[in-house]
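Chemist: One file: my_file.cif (mmCIF, C-alpha atoms).
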```
data_start
loop_
_atom_site.label_atom_id
_atom_site.label_comp_id
_atom_site.auth_asym_id
_atom_site.auth_seq_id
_atom_site.Cartn_x
_atom_site.Cartn_y
_atom_site.Cartn_z
CA MET J 1 -43.08 -80.67 -73.68
CA PRO J 2 -46.21 -78.79 -72.58
CA LEU J 3 -46.17 -75.02 -72.82
CA ASN J 4 -46.92 -73.17 -69.58
CA ILE J 5 -49.88 -70.99 -70.59
CA ASP J 6 -48.74 -68.26 -68.19
CA ALA J 7 -45.33 -68.02 -69.83
CA PRO J 8 -44.56 -65.04 -72.05
CA LEU J 9 -43.31 -67.33 -74.84
CA THR J 10 -44.79 -68.57 -78.07
CA ARG J 11 -44.87 -72.20 -79.13
CA SER J 12 -42.26 -71.42 -81.81
CA GLN J 13 -39.91 -69.94 -79.17
CA VAL J 14 -40.19 -73.08 -77.04
CA ASP J 15 -39.68 -75.24 -80.14
CA HIS J 16 -36.58 -73.22 -81.05
CA TYR J 17 -35.19 -73.83 -77.55
CA ILE J 18 -35.91 -77.55 -77.78
CA GLU J 19 -34.19 -77.77 -81.17
CA THR J 20 -31.15 -75.57 -80.46
CA GLY J 21 -30.73 -75.49 -76.68
CA TRP J 22 -30.82 -71.67 -76.55
CA LEU J 23 -33.29 -68.82 -76.88
CA ILE J 24 -32.87 -65.06 -76.79
CA THR J 25 -35.81 -63.19 -75.25
CA ASP J 26 -36.46 -59.66 -74.09
CA THR J 27 -37.94 -60.91 -70.81
CA LEU J 28 -35.94 -58.44 -68.70
CA ALA J 29 -35.40 -55.66 -71.26
CA SER J 30 -37.61 -53.22 -69.37
CA MET J 31 -35.77 -53.93 -66.09
CA THR J 32 -32.20 -52.99 -67.07
CA GLU J 33 -31.96 -49.95 -64.80
CA GLN J 34 -33.72 -51.73 -61.92
CA LEU J 35 -31.35 -54.71 -62.17
CA GLN J 36 -28.34 -52.38 -62.11
CA THR J 37 -29.72 -50.58 -59.06
CA TRP J 38 -30.32 -53.86 -57.25
CA SER J 39 -26.85 -55.14 -58.14
CA ASP J 40 -25.33 -51.90 -56.85
CA GLU J 41 -27.29 -52.29 -53.60
CA VAL J 42 -26.01 -55.84 -53.06
CA GLN J 43 -22.47 -54.79 -54.00
CA GLY J 44 -22.63 -52.08 -51.32
CA TRP J 45 -23.57 -54.45 -48.50
CA SER J 46 -21.03 -54.91 -45.74
CA ASP J 47 -19.11 -58.15 -45.33
CA ASN J 48 -20.93 -58.71 -42.02
CA GLY J 49 -24.02 -60.52 -43.24
CA ASP J 50 -25.19 -64.02 -44.08
CA TRP J 51 -24.74 -63.34 -47.81
CA MET J 52 -21.34 -64.25 -49.24
CA HIS J 53 -19.04 -61.64 -50.78
CA TYR J 54 -15.95 -63.00 -52.51
CA ARG J 55 -12.89 -60.92 -53.30
CA GLU J 56 -10.03 -61.34 -55.76
CA MET J 57 -6.52 -60.10 -55.18
CA THR J 58 -5.45 -57.38 -57.58
CA GLU J 59 -2.42 -55.12 -57.76
CA HIS J 60 -4.56 -52.60 -55.85
CA GLY J 61 -5.54 -55.04 -53.10
CA PRO J 62 -8.64 -57.21 -52.73
CA LYS J 63 -11.60 -56.31 -54.99
CA LEU J 64 -15.15 -57.64 -54.80
CA CYS J 65 -15.64 -60.17 -57.58
CA ARG J 66 -18.81 -62.10 -56.66
CA THR J 67 -21.76 -62.19 -54.27
CA GLU J 68 -23.77 -65.33 -53.58
CA TYR J 69 -26.76 -66.20 -51.38
CA PHE J 70 -28.34 -62.76 -51.50
CA THR J 71 -31.98 -63.51 -52.39
CA PRO J 72 -33.07 -64.12 -48.77
CA PHE J 73 -31.95 -60.56 -48.00
CA HIS J 74 -33.06 -58.65 -51.13
CA PRO J 75 -36.85 -58.60 -51.74
CA GLY J 76 -36.57 -57.42 -55.36
CA PHE J 77 -34.13 -60.11 -56.47
CA ARG J 78 -35.98 -62.72 -54.38
CA GLU J 79 -39.27 -61.95 -56.14
CA LEU J 80 -37.66 -61.80 -59.59
CA LEU J 81 -35.81 -65.10 -59.20
CA THR J 82 -38.45 -67.14 -57.37
CA GLU J 83 -41.79 -66.12 -58.90
CA GLY J 84 -43.28 -64.35 -61.90
CA ILE J 85 -41.93 -63.88 -65.41
CA MET J 86 -38.46 -65.41 -64.88
CA VAL J 87 -39.83 -68.60 -63.33
CA ASP J 88 -42.64 -68.79 -65.90
CA THR J 89 -40.17 -68.41 -68.78
CA ALA J 90 -37.73 -70.99 -67.40
CA SER J 91 -40.59 -73.37 -66.59
CA ALA J 92 -41.93 -73.15 -70.15
CA LEU J 93 -38.50 -73.97 -71.53
CA LEU J 94 -37.82 -76.80 -69.08
CA GLY J 95 -41.29 -78.34 -69.30
CA ASP J 96 -41.50 -78.43 -65.50
CA ARG J 97 -41.72 -75.89 -62.70
CA ALA J 98 -38.35 -74.12 -62.36
CA VAL J 99 -36.91 -73.37 -58.94
CA LEU J 100 -33.94 -71.30 -57.86
CA TYR J 101 -30.99 -73.54 -56.98
CA LYS J 102 -28.21 -70.99 -56.59
CA GLU J 103 -27.79 -67.32 -57.36
CA LYS J 104 -24.73 -65.16 -57.79
CA ILE J 105 -23.68 -61.81 -59.15
CA ASN J 106 -20.27 -61.64 -60.86
CA TYR J 107 -18.72 -58.17 -60.81
CA LYS J 108 -16.22 -56.85 -63.33
CA LEU J 109 -15.00 -53.80 -61.45
CA SER J 110 -12.47 -51.22 -62.52
CA GLY J 111 -9.09 -52.34 -61.21
CA GLY J 112 -10.35 -55.89 -60.79
CA ALA J 113 -8.75 -58.93 -62.33
CA GLY J 114 -11.16 -58.72 -65.28
CA TYR J 115 -10.92 -61.79 -67.44
CA ALA J 116 -7.77 -63.16 -65.84
CA PRO J 117 -8.21 -66.52 -64.04
CA ILE J 118 -10.33 -65.78 -60.97
CA ASN J 119 -8.77 -66.26 -57.57
CA CYS J 120 -11.68 -65.53 -55.22
CA ARG J 121 -11.91 -66.31 -51.55
CA LEU J 122 -14.74 -66.09 -49.06
CA VAL J 123 -14.41 -63.09 -46.78
CA GLN J 124 -15.16 -64.31 -43.27
#
```
Transcribe the structure of this file into structure tokens.

Modeler:
Amino acid sequence: MPLNIDAPLTRSQVDHYIETGWLITDTLASMTEQLQTWSDEVQGWSDNGDWMHYREMTEHGPKLCRTEYFTPFHPGFRELLTEGIMVDTASALLGDRAVLYKEKINYKLSGGAGYAPINCRLVQ
């Protein structure tokens, strides 16, 4: 598997992935606060958009549990997930150019169903 020379990985990291099927990197370590901010932004969007918010029923009523199809509407997430370091890293590990197939954010909110079996529905 050829190593993408633009990828922020070493040959030994790619070899480890090939041998074990997993690799821990610090690719996004410097973005923790930014990712939280972006996730909070998406979480705060209304239900009246083309993105898809899903809710789970809790004892306190419906709670947001997941958002899908948000990259067309969030420039930061779109850039992160379709170009640059994430795509370069995934491409190096896959041995071919990686592309975004589907994206989602899973929320574990206070008062939500937590780790109970998820019963989400699309809010229309």

Chemist: What do you get, as a VMD selection string, if you spell out every residue that the PyMOL selection byres ((chain J and resi 61-72) around 9) selects here?

Modeler: chain J and resid 42 to 43 50 to 60 73 to 79 81 to 82 102 to 109 111 to 113 118 120

Chemist: So the first atom is atom CA of J:Asp96 and the second is atom CA of J:Val14; what is the distance between them in Å, to one decimal place?

Modeler: 12.8 Å

Chemist: Taking all atoms of stretch 60-73 of chain J that the file lists, what box with edges along x, y and z, padded by 5 Å per side, do you get, with centre and edge lengths in Å to one decimal, as lines of an AutoDock Vina configuration file?

Modeler:
```
center_x = -18.8
center_y = -59.4
center_z = -52.8
size_x = 38.5
size_y = 23.6
size_z = 19.6
```

Chemist: In Å, with one decimal, what is the gap from atom CA of J:Gln36 to atom CA of J:Gly84?

Modeler: 19.1 Å

Chemist: Do you have the atom CA of J:Thr10-atom CA of J:Ala98 distance handy?

Modeler: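 Distance between the two atoms: 17.9 Å.
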
Chemist: For stretch 20-35 of chain J, please output as a list in words all residues within 8 Å (counting all atoms listed in the file; exclusion window: fewer than 6 positions along the same chain).

Modeler: Pro8, Gln13, Ile85 and Met86 of chain J
